[in-house]
Amino acid sequence: MSKDSKIMQDYLYTQNRELSWLRFNQRVLEEAMDESVPALERLKFISIFSTNLDEFFMIRVGSLFDIASAKVDDIDNKSGWSAEEQLHHIYQTIPGLIERKTNIYASVCEALLQNEIKDVSYKELNVSEAKFVKHYFNERILPILSPQIVDNRHPKPHFRNKQLYVASLVKGKDNKKSMAFIPVPSLLPQVIMLPDEKRFIRIEEILLKMASTLYGQYKEIESCILCVTRNADVSFDPEKFEDADTDFRTYMKKILKKRSSLAIVRLELSQKVSNAFSKELLKIIDVENRQIYVDTTPLNMKYVFELIKKLPDKIKDLLCYTPYVPRWPNDLDKNISMIEQIRKSDKLLFFPFDSVDPFIHLLNEAADREDVVSIKITIYRLASSSKIIRALCRAAENGKEVVALMELRARFDEENNIAWSAMLEEAGCKVIYGFENYKCHSKICLITLRQKGKFRFITQIGTGNYNEKTNAMYTDLSLMSASEEIGTDASVFFRNMMTENLEGEYRELLVAPLGIKSALIRLIDEEIAKGEEGYICIKVNSITERDMIDKLEEASRAGVDVQLIVRGICCIRPGIIGHTDHIVVNSIVGRFLEHARIYCFGKNDKMKLYISSADLMTRNLRHRVEIAAPVYDEDIREMILRILQTQLSDTAKASLLQPDGSYVRKNKAGTALIDSQQTFMDESLHKQVVIKPVKKDLKHFLRELLLRNRK
């Protein structure tokens, strides 16, 4: 086989992860095109698309630039491309996405205008509005501005990551051209509502108009808004930590400061500029032409959330989703001990449709019960105001042993986790920081009780973080079990984590980096042995691990029915004849972020079912501590299968991945629309619990009778 033929064979049914991610983000953007979605929610989808793209440049593009700059011979095993070739394809793809975003933003603005909501430029202000804005500028904005001319006497400014700047080409009395910059202060509001409370102007538009008055003897020639995106892929050098006379938390604080000074990987301009402007600007900002993008939509789309807060309630009621309040599950009684209910049968929470309150009740009960001796938990991301942390602190203050395995390297949550770890320690909790080269991404909480001289366990295992905010926004599963086998495994897990032992053995739990991938391959092999009778259904956020892709391709060749539900990156291409023609890939982008991970193998009674914290990605299966837990309870198995079946039937928000890597929406004309997320909002998965009346003793009865007689 020739080299070219071998390359074609190796990548026949795979695609590059970066381009797959960009296609996912395009589907996020396309949700803003759906006219059945309220107009302000459509605007949110554009904002989410923009934030996603920012992080893609900061992390993925930043990493590729580092690899390309280091001349490392690192070839993508799904496309055969080098880092430089991947960058080339990324930079070719981005302009089309920006153009699509511009068109969609214009259409959403038209929809908002029908309700008199308008993002106005300065020149569109009427006389009274202009007077109002000018007064606001003089009183609230001007005193904190710091304009800077770049010349021989003034150094180049440091451009902060994702901060907006007014950039101006100016000339002095000698007609020599220079650049001038005005940072848009982050403490200013992003939008100023005009007196009618519907029209608004963004703060950068005001500064753009007023810039010419701020440069003193220099005359403004041309101006625009700009924004730079910096590489934020901070490298964690373990040797630096080992040699330092400091703890890991202090080390993390120092290394986070690097983010502000890493290389610029993207330059965004709010409009086209002249050659003269570009020439002067590139003397100051060192980027290639392919890294420069003109985007006429707002460069900071996060303004959307501030705008929505400032709009009148009657407008928000009309143009936003009707608020959804997560329900208390029907099969749990608020008035009975959570621990005792879980001991009778396993319980499942399905976020955001179920409330997180039952789990918080469980922690609070554990904090107060005398027979609870310890609570151990892994923490990756937390809400800014966390009831979970408060419960853990109270447990420690009540004399329980509380152990928190805190992951300080949760990207963009590092500072938040540093603060929480300090609070836990102050309350008397024992905080450990995981492994040197492995992030701890598992979601497990173990409550240990001592009853009649024996230890009993309540174990909670989830697919998402202990974060009350995202629990209301992400679809996740939380299993609570009194299984002695799972509890014993959980106890072994925490013991191994505290002794940095990644090679522990477990009877029920699957634990990465050593246990999940090998178990999944074994389970797929069992289905391959069944041939056309085999069945696999896997729901994850991403699939990138080459060995898993090849094993699923092998299953397809054996005739196994493979149903995948993959929200984001999917590097396996379905429908390739003779290779992946038995694989179907569904992807759902809707009101809530799909986040649960479910592994299902086989059918009926012999089906093996797991929930997990791990996606089928190299980082999760090889370089992180992850957990997958089996599901044995028949009611819960039925609930999870209903989730999978409903999502596979989704025709409103689902797309099908095509052999060429593109997506096609399933909502064809004439078909009944099934919105899986709406279905779960409308219908609980839980069976109604039958609450038996409480028998009152004679003393209690007489007391109630006495109180009634007094009335």
# chains A, B, ... in the order shown; residues from 1 in each chain; ligands from 1
>>> residues_around(residues="A:Met338", least_positions_apart="3", cutoff="12 Å", atoms="only C-alpha atoms", output="list in words")
Asp331, Leu332, Asp333, Lys334, Asn335, Gln341, Ile342, Arg343, Lys344, Ser345, Asp346, Lys347, Asp357, Pro358, Phe359, Ile360, His361, Leu362, Leu363, Asn364, Glu365, Ala366, Arg369, Ile458, Met480, Ser481 and Ala482 of chain A
>>> write_last_selection(atoms="C-alpha atoms", output="PDB file, in the first residue's frame")
ATOM      1  CA  ASP A 331     -40.490   9.629  44.247  1.00  0.00           C
ATOM      2  CA  LEU A 332     -38.908  11.560  47.131  1.00  0.00           C
ATOM      3  CA  ASP A 333     -40.697  12.818  50.247  1.00  0.00           C
ATOM      4  CA  LYS A 334     -39.471  16.156  51.590  1.00  0.00           C
ATOM      5  CA  ASN A 335     -40.558  15.234  55.099  1.00  0.00           C
ATOM      6  CA  GLN A 341     -35.229   6.910  51.512  1.00  0.00           C
ATOM      7  CA  ILE A 342     -32.011   6.155  49.604  1.00  0.00           C
ATOM      8  CA  ARG A 343     -31.416   3.096  51.800  1.00  0.00           C
ATOM      9  CA  LYS A 344     -34.766   1.713  50.651  1.00  0.00           C
ATOM     10  CA  SER A 345     -33.961   2.210  46.943  1.00  0.00           C
ATOM     11  CA  ASP A 346     -31.554   4.104  44.708  1.00  0.00           C
ATOM     12  CA  LYS A 347     -32.648   7.598  43.675  1.00  0.00           C
ATOM     13  CA  ASP A 357     -32.420  20.481  46.529  1.00  0.00           C
ATOM     14  CA  PRO A 358     -32.701  16.756  47.414  1.00  0.00           C
ATOM     15  CA  PHE A 359     -28.908  16.395  47.198  1.00  0.00           C
ATOM     16  CA  ILE A 360     -28.414  19.541  49.302  1.00  0.00           C
ATOM     17  CA  HIS A 361     -30.926  18.137  51.817  1.00  0.00           C
ATOM     18  CA  LEU A 362     -28.853  14.945  51.865  1.00  0.00           C
ATOM     19  CA  LEU A 363     -25.664  16.872  52.661  1.00  0.00           C
ATOM     20  CA  ASN A 364     -27.358  18.970  55.334  1.00  0.00           C
ATOM     21  CA  GLU A 365     -28.830  15.857  56.930  1.00  0.00           C
ATOM     22  CA  ALA A 366     -25.410  14.195  56.877  1.00  0.00           C
ATOM     23  CA  ARG A 369     -26.761  13.327  61.958  1.00  0.00           C
ATOM     24  CA  ILE A 458     -24.490   6.542  50.864  1.00  0.00           C
ATOM     25  CA  MET A 480     -27.685   8.346  44.956  1.00  0.00           C
ATOM     26  CA  SER A 481     -27.226   4.783  46.183  1.00  0.00           C
ATOM     27  CA  ALA A 482     -26.871   2.811  49.422  1.00  0.00           C
TER      28      ALA A 482
END
>>> residues_around(residues="A:Thr229", least_positions_apart="5", cutoff="12 Å", atoms="only C-alpha atoms", output="PyMOL selection string")
chain A and resi 51+53-59+61-62+159-164+259-269+285+287+291-293+299-300
>>> closest_residue(among="A:Gln658, A:Ser278, A:Asn126, A:Thr322", to="A:Gln678", atoms="only C-alpha atoms")
A:Thr322
>>> closest_atom_pairs(of="stretch 589-662 of chain A", to="stretch 518-523 of chain A", cutoff="9 Å", atoms="only C-alpha atoms", output="Markdown table")
| residue | atom | partner | partner_atom | distance |
| --- | --- | --- | --- | --- |
| A:Tyr599 | CA | A:Leu520 | CA | 8.5 |
| A:Phe601 | CA | A:Leu523 | CA | 6.8 |
| A:Lys608 | CA | A:Leu523 | CA | 8.4 |
>>> write_last_selection(atoms="all heavy atoms", output="compact mmCIF listing (two decimals), in the first residue's frame")
# COMPACT_ATOMS: atom_id res chain seq x y z
N TYR A 599 -23.51 5.29 29.08
CA TYR A 599 -23.01 4.19 28.25
C TYR A 599 -24.00 3.03 28.37
O TYR A 599 -24.29 2.57 29.47
CB TYR A 599 -21.64 3.69 28.73
CG TYR A 599 -20.59 4.73 29.02
CD1 TYR A 599 -19.66 4.51 30.05
CD2 TYR A 599 -20.48 5.92 28.30
CE1 TYR A 599 -18.66 5.42 30.34
CE2 TYR A 599 -19.50 6.85 28.59
CZ TYR A 599 -18.59 6.60 29.62
OH TYR A 599 -17.62 7.51 29.91
N PHE A 601 -25.00 -0.87 26.72
CA PHE A 601 -24.55 -2.00 25.90
C PHE A 601 -25.54 -3.15 26.03
O PHE A 601 -25.83 -3.60 27.15
CB PHE A 601 -23.16 -2.47 26.34
CG PHE A 601 -22.12 -1.40 26.26
CD1 PHE A 601 -21.86 -0.59 27.37
CD2 PHE A 601 -21.41 -1.17 25.10
CE1 PHE A 601 -20.91 0.41 27.31
CE2 PHE A 601 -20.46 -0.16 25.02
CZ PHE A 601 -20.21 0.63 26.13
N LYS A 608 -26.20 -3.66 29.89
CA LYS A 608 -25.29 -3.10 30.89
C LYS A 608 -25.31 -1.58 30.74
O LYS A 608 -25.07 -1.07 29.64
CB LYS A 608 -23.89 -3.66 30.72
CG LYS A 608 -23.84 -5.17 30.98
CD LYS A 608 -22.46 -5.75 30.77
CE LYS A 608 -22.46 -7.26 31.04
NZ LYS A 608 -21.13 -7.87 30.80
>>> select_by_dssp(residues="stretch 420-629 of chain A", states="helix (DSSP H, G or I)", output="PyMOL selection string")
chain A and resi 420-426+468-471+484-498+516-533+546-557+604-606+618-622
>>> write_last_selection(atoms="C-alpha atoms", output="tab-separated table (two decimals), in the first residue's frame")
chain	number	residue	atom	x	y	z
A	420	TRP	CA	-13.31	27.92	48.06
A	421	SER	CA	-10.42	25.67	49.10
A	422	ALA	CA	-9.27	28.30	51.61
A	423	MET	CA	-12.79	28.57	53.05
A	424	LEU	CA	-13.05	24.79	53.42
A	425	GLU	CA	-9.72	24.62	55.21
A	426	GLU	CA	-10.72	27.43	57.58
A	468	GLU	CA	-26.15	24.82	41.66
A	469	LYS	CA	-26.04	27.39	38.86
A	470	THR	CA	-25.16	24.93	36.09
A	471	ASN	CA	-27.50	22.33	37.62
A	484	GLU	CA	-22.54	-1.56	49.88
A	485	GLU	CA	-20.47	-2.65	46.87
A	486	ILE	CA	-20.45	0.82	45.28
A	487	GLY	CA	-19.87	2.44	48.69
A	488	THR	CA	-16.91	0.17	49.37
A	489	ASP	CA	-15.46	1.04	45.96
A	490	ALA	CA	-15.99	4.74	46.69
A	491	SER	CA	-14.16	4.35	50.00
A	492	VAL	CA	-11.27	2.66	48.20
A	493	PHE	CA	-11.31	5.44	45.58
A	494	PHE	CA	-10.84	8.21	48.14
A	495	ARG	CA	-8.17	6.23	49.94
A	496	ASN	CA	-6.33	5.83	46.63
A	497	MET	CA	-6.70	9.52	45.82
A	498	MET	CA	-5.17	10.50	49.13
A	516	ILE	CA	-12.87	3.14	31.86
A	517	LYS	CA	-11.30	2.78	28.42
A	518	SER	CA	-10.39	-0.89	28.89
A	519	ALA	CA	-13.88	-1.66	30.23
A	520	LEU	CA	-15.58	0.12	27.32
A	521	ILE	CA	-13.49	-1.82	24.81
A	522	ARG	CA	-14.43	-5.07	26.57
A	523	LEU	CA	-18.13	-4.12	26.54
A	524	ILE	CA	-18.00	-3.21	22.84
A	525	ASP	CA	-16.28	-6.53	22.12
A	526	GLU	CA	-19.19	-8.32	23.81
A	527	GLU	CA	-21.60	-6.59	21.42
A	528	ILE	CA	-19.35	-7.34	18.42
A	529	ALA	CA	-19.59	-11.02	19.32
A	530	LYS	CA	-23.39	-10.77	18.98
A	531	GLY	CA	-23.14	-9.41	15.42
A	532	GLU	CA	-26.40	-7.97	14.15
A	533	GLU	CA	-28.03	-8.73	17.52
A	546	ARG	CA	-8.88	7.23	18.27
A	547	ASP	CA	-8.92	3.76	19.84
A	548	MET	CA	-12.60	4.19	20.79
A	549	ILE	CA	-13.43	5.43	17.30
A	550	ASP	CA	-11.73	2.42	15.73
A	551	LYS	CA	-13.51	0.02	18.09
A	552	LEU	CA	-16.90	1.55	17.24
A	553	GLU	CA	-16.03	1.24	13.55
A	554	GLU	CA	-15.23	-2.43	14.16
A	555	ALA	CA	-18.62	-2.86	15.82
A	556	SER	CA	-20.32	-1.27	12.81
A	557	ARG	CA	-18.51	-3.63	10.43
A	604	ASN	CA	-33.47	-5.91	27.60
A	605	ASP	CA	-32.50	-7.68	30.83
A	606	LYS	CA	-28.90	-8.27	29.75
A	618	THR	CA	-8.15	11.19	25.02
A	619	ARG	CA	-7.87	13.70	27.87
A	620	ASN	CA	-10.73	12.05	29.81
A	621	LEU	CA	-9.79	8.44	29.29
A	622	ARG	CA	-6.01	8.76	29.58
>>> closest_residue(among="A:Ala39, A:Leu208, A:Ala383, A:Ile583", to="A:Asn465", atoms="only C-alpha atoms")
A:Ala383
>>> closest_residue(among="A:Ala472, A:Val589, A:Ile611, A:Ile598", to="A:Asp650", atoms="only C-alpha atoms")
A:Val589
>>> residues_around(residues="A:Gln645", least_positions_apart="2", cutoff="12 Å", atoms="only C-alpha atoms", output="JSON, numbers by chain")
{"A": [537, 538, 539, 563, 564, 565, 586, 600, 638, 639, 640, 641, 642, 643, 647, 648, 649, 650, 674, 676, 679]}
>>> write_last_selection(atoms="N, CA and C atoms", output="mmCIF file, in the first residue's frame")
data_model
loop_
_atom_site.group_PDB
_atom_site.id
_atom_site.type_symbol
_atom_site.label_atom_id
_atom_site.label_comp_id
_atom_site.auth_asym_id
_atom_site.auth_seq_id
_atom_site.Cartn_x
_atom_site.Cartn_y
_atom_site.Cartn_z
ATOM 1 N N CYS A 537 -25.549 2.134 22.671
ATOM 2 C CA CYS A 537 -26.032 3.523 22.672
ATOM 3 C C CYS A 537 -25.177 4.300 23.656
ATOM 4 N N ILE A 538 -24.502 5.312 23.167
ATOM 5 C CA ILE A 538 -23.617 6.123 24.009
ATOM 6 C C ILE A 538 -23.989 7.596 23.856
ATOM 7 N N LYS A 539 -24.199 8.238 24.995
ATOM 8 C CA LYS A 539 -24.471 9.683 25.006
ATOM 9 C C LYS A 539 -23.309 10.375 25.711
ATOM 10 N N GLN A 563 -25.908 3.608 18.157
ATOM 11 C CA GLN A 563 -26.591 4.891 18.228
ATOM 12 C C GLN A 563 -25.779 5.809 19.141
ATOM 13 N N LEU A 564 -25.308 6.913 18.604
ATOM 14 C CA LEU A 564 -24.527 7.870 19.374
ATOM 15 C C LEU A 564 -25.301 9.177 19.513
ATOM 16 N N ILE A 565 -25.279 9.741 20.704
ATOM 17 C CA ILE A 565 -25.844 11.078 20.954
ATOM 18 C C ILE A 565 -24.676 11.930 21.424
ATOM 19 N N ASN A 586 -26.563 11.390 16.487
ATOM 20 C CA ASN A 586 -27.519 12.460 16.763
ATOM 21 C C ASN A 586 -26.839 13.543 17.590
ATOM 22 N N CYS A 600 -24.477 2.546 27.235
ATOM 23 C CA CYS A 600 -25.478 1.484 27.221
ATOM 24 C C CYS A 600 -25.035 0.383 26.251
ATOM 25 N N GLU A 638 -35.052 2.169 33.787
ATOM 26 C CA GLU A 638 -36.182 2.539 32.928
ATOM 27 C C GLU A 638 -36.186 4.043 32.652
ATOM 28 N N MET A 639 -35.868 4.855 33.674
ATOM 29 C CA MET A 639 -35.817 6.303 33.495
ATOM 30 C C MET A 639 -34.726 6.705 32.504
ATOM 31 N N ILE A 640 -33.539 6.105 32.648
ATOM 32 C CA ILE A 640 -32.420 6.474 31.779
ATOM 33 C C ILE A 640 -32.688 6.031 30.341
ATOM 34 N N LEU A 641 -33.294 4.858 30.178
ATOM 35 C CA LEU A 641 -33.629 4.405 28.817
ATOM 36 C C LEU A 641 -34.672 5.318 28.182
ATOM 37 N N ARG A 642 -35.572 5.830 29.006
ATOM 38 C CA ARG A 642 -36.562 6.776 28.467
ATOM 39 C C ARG A 642 -35.882 8.069 28.018
ATOM 40 N N ILE A 643 -34.873 8.497 28.768
ATOM 41 C CA ILE A 643 -34.116 9.684 28.352
ATOM 42 C C ILE A 643 -33.483 9.442 26.984
ATOM 43 N N GLN A 647 -34.521 11.297 23.399
ATOM 44 C CA GLN A 647 -33.546 12.104 22.676
ATOM 45 C C GLN A 647 -33.296 11.567 21.267
ATOM 46 N N LEU A 648 -33.305 10.250 21.113
ATOM 47 C CA LEU A 648 -33.145 9.678 19.773
ATOM 48 C C LEU A 648 -34.339 10.000 18.884
ATOM 49 N N SER A 649 -35.485 10.307 19.508
ATOM 50 C CA SER A 649 -36.702 10.633 18.748
ATOM 51 C C SER A 649 -36.864 12.131 18.508
ATOM 52 N N ASP A 650 -35.950 12.941 19.065
ATOM 53 C CA ASP A 650 -36.053 14.396 18.940
ATOM 54 C C ASP A 650 -35.987 14.803 17.470
ATOM 55 N N ILE A 674 -40.798 16.804 17.873
ATOM 56 C CA ILE A 674 -40.617 16.317 19.235
ATOM 57 C C ILE A 674 -39.397 17.015 19.812
ATOM 58 N N SER A 676 -37.168 17.051 22.866
ATOM 59 C CA SER A 676 -36.908 16.198 24.029
ATOM 60 C C SER A 676 -36.828 17.007 25.311
ATOM 61 N N THR A 679 -40.214 17.994 26.399
ATOM 62 C CA THR A 679 -40.896 16.807 26.919
ATOM 63 C C THR A 679 -40.536 16.573 28.373
#
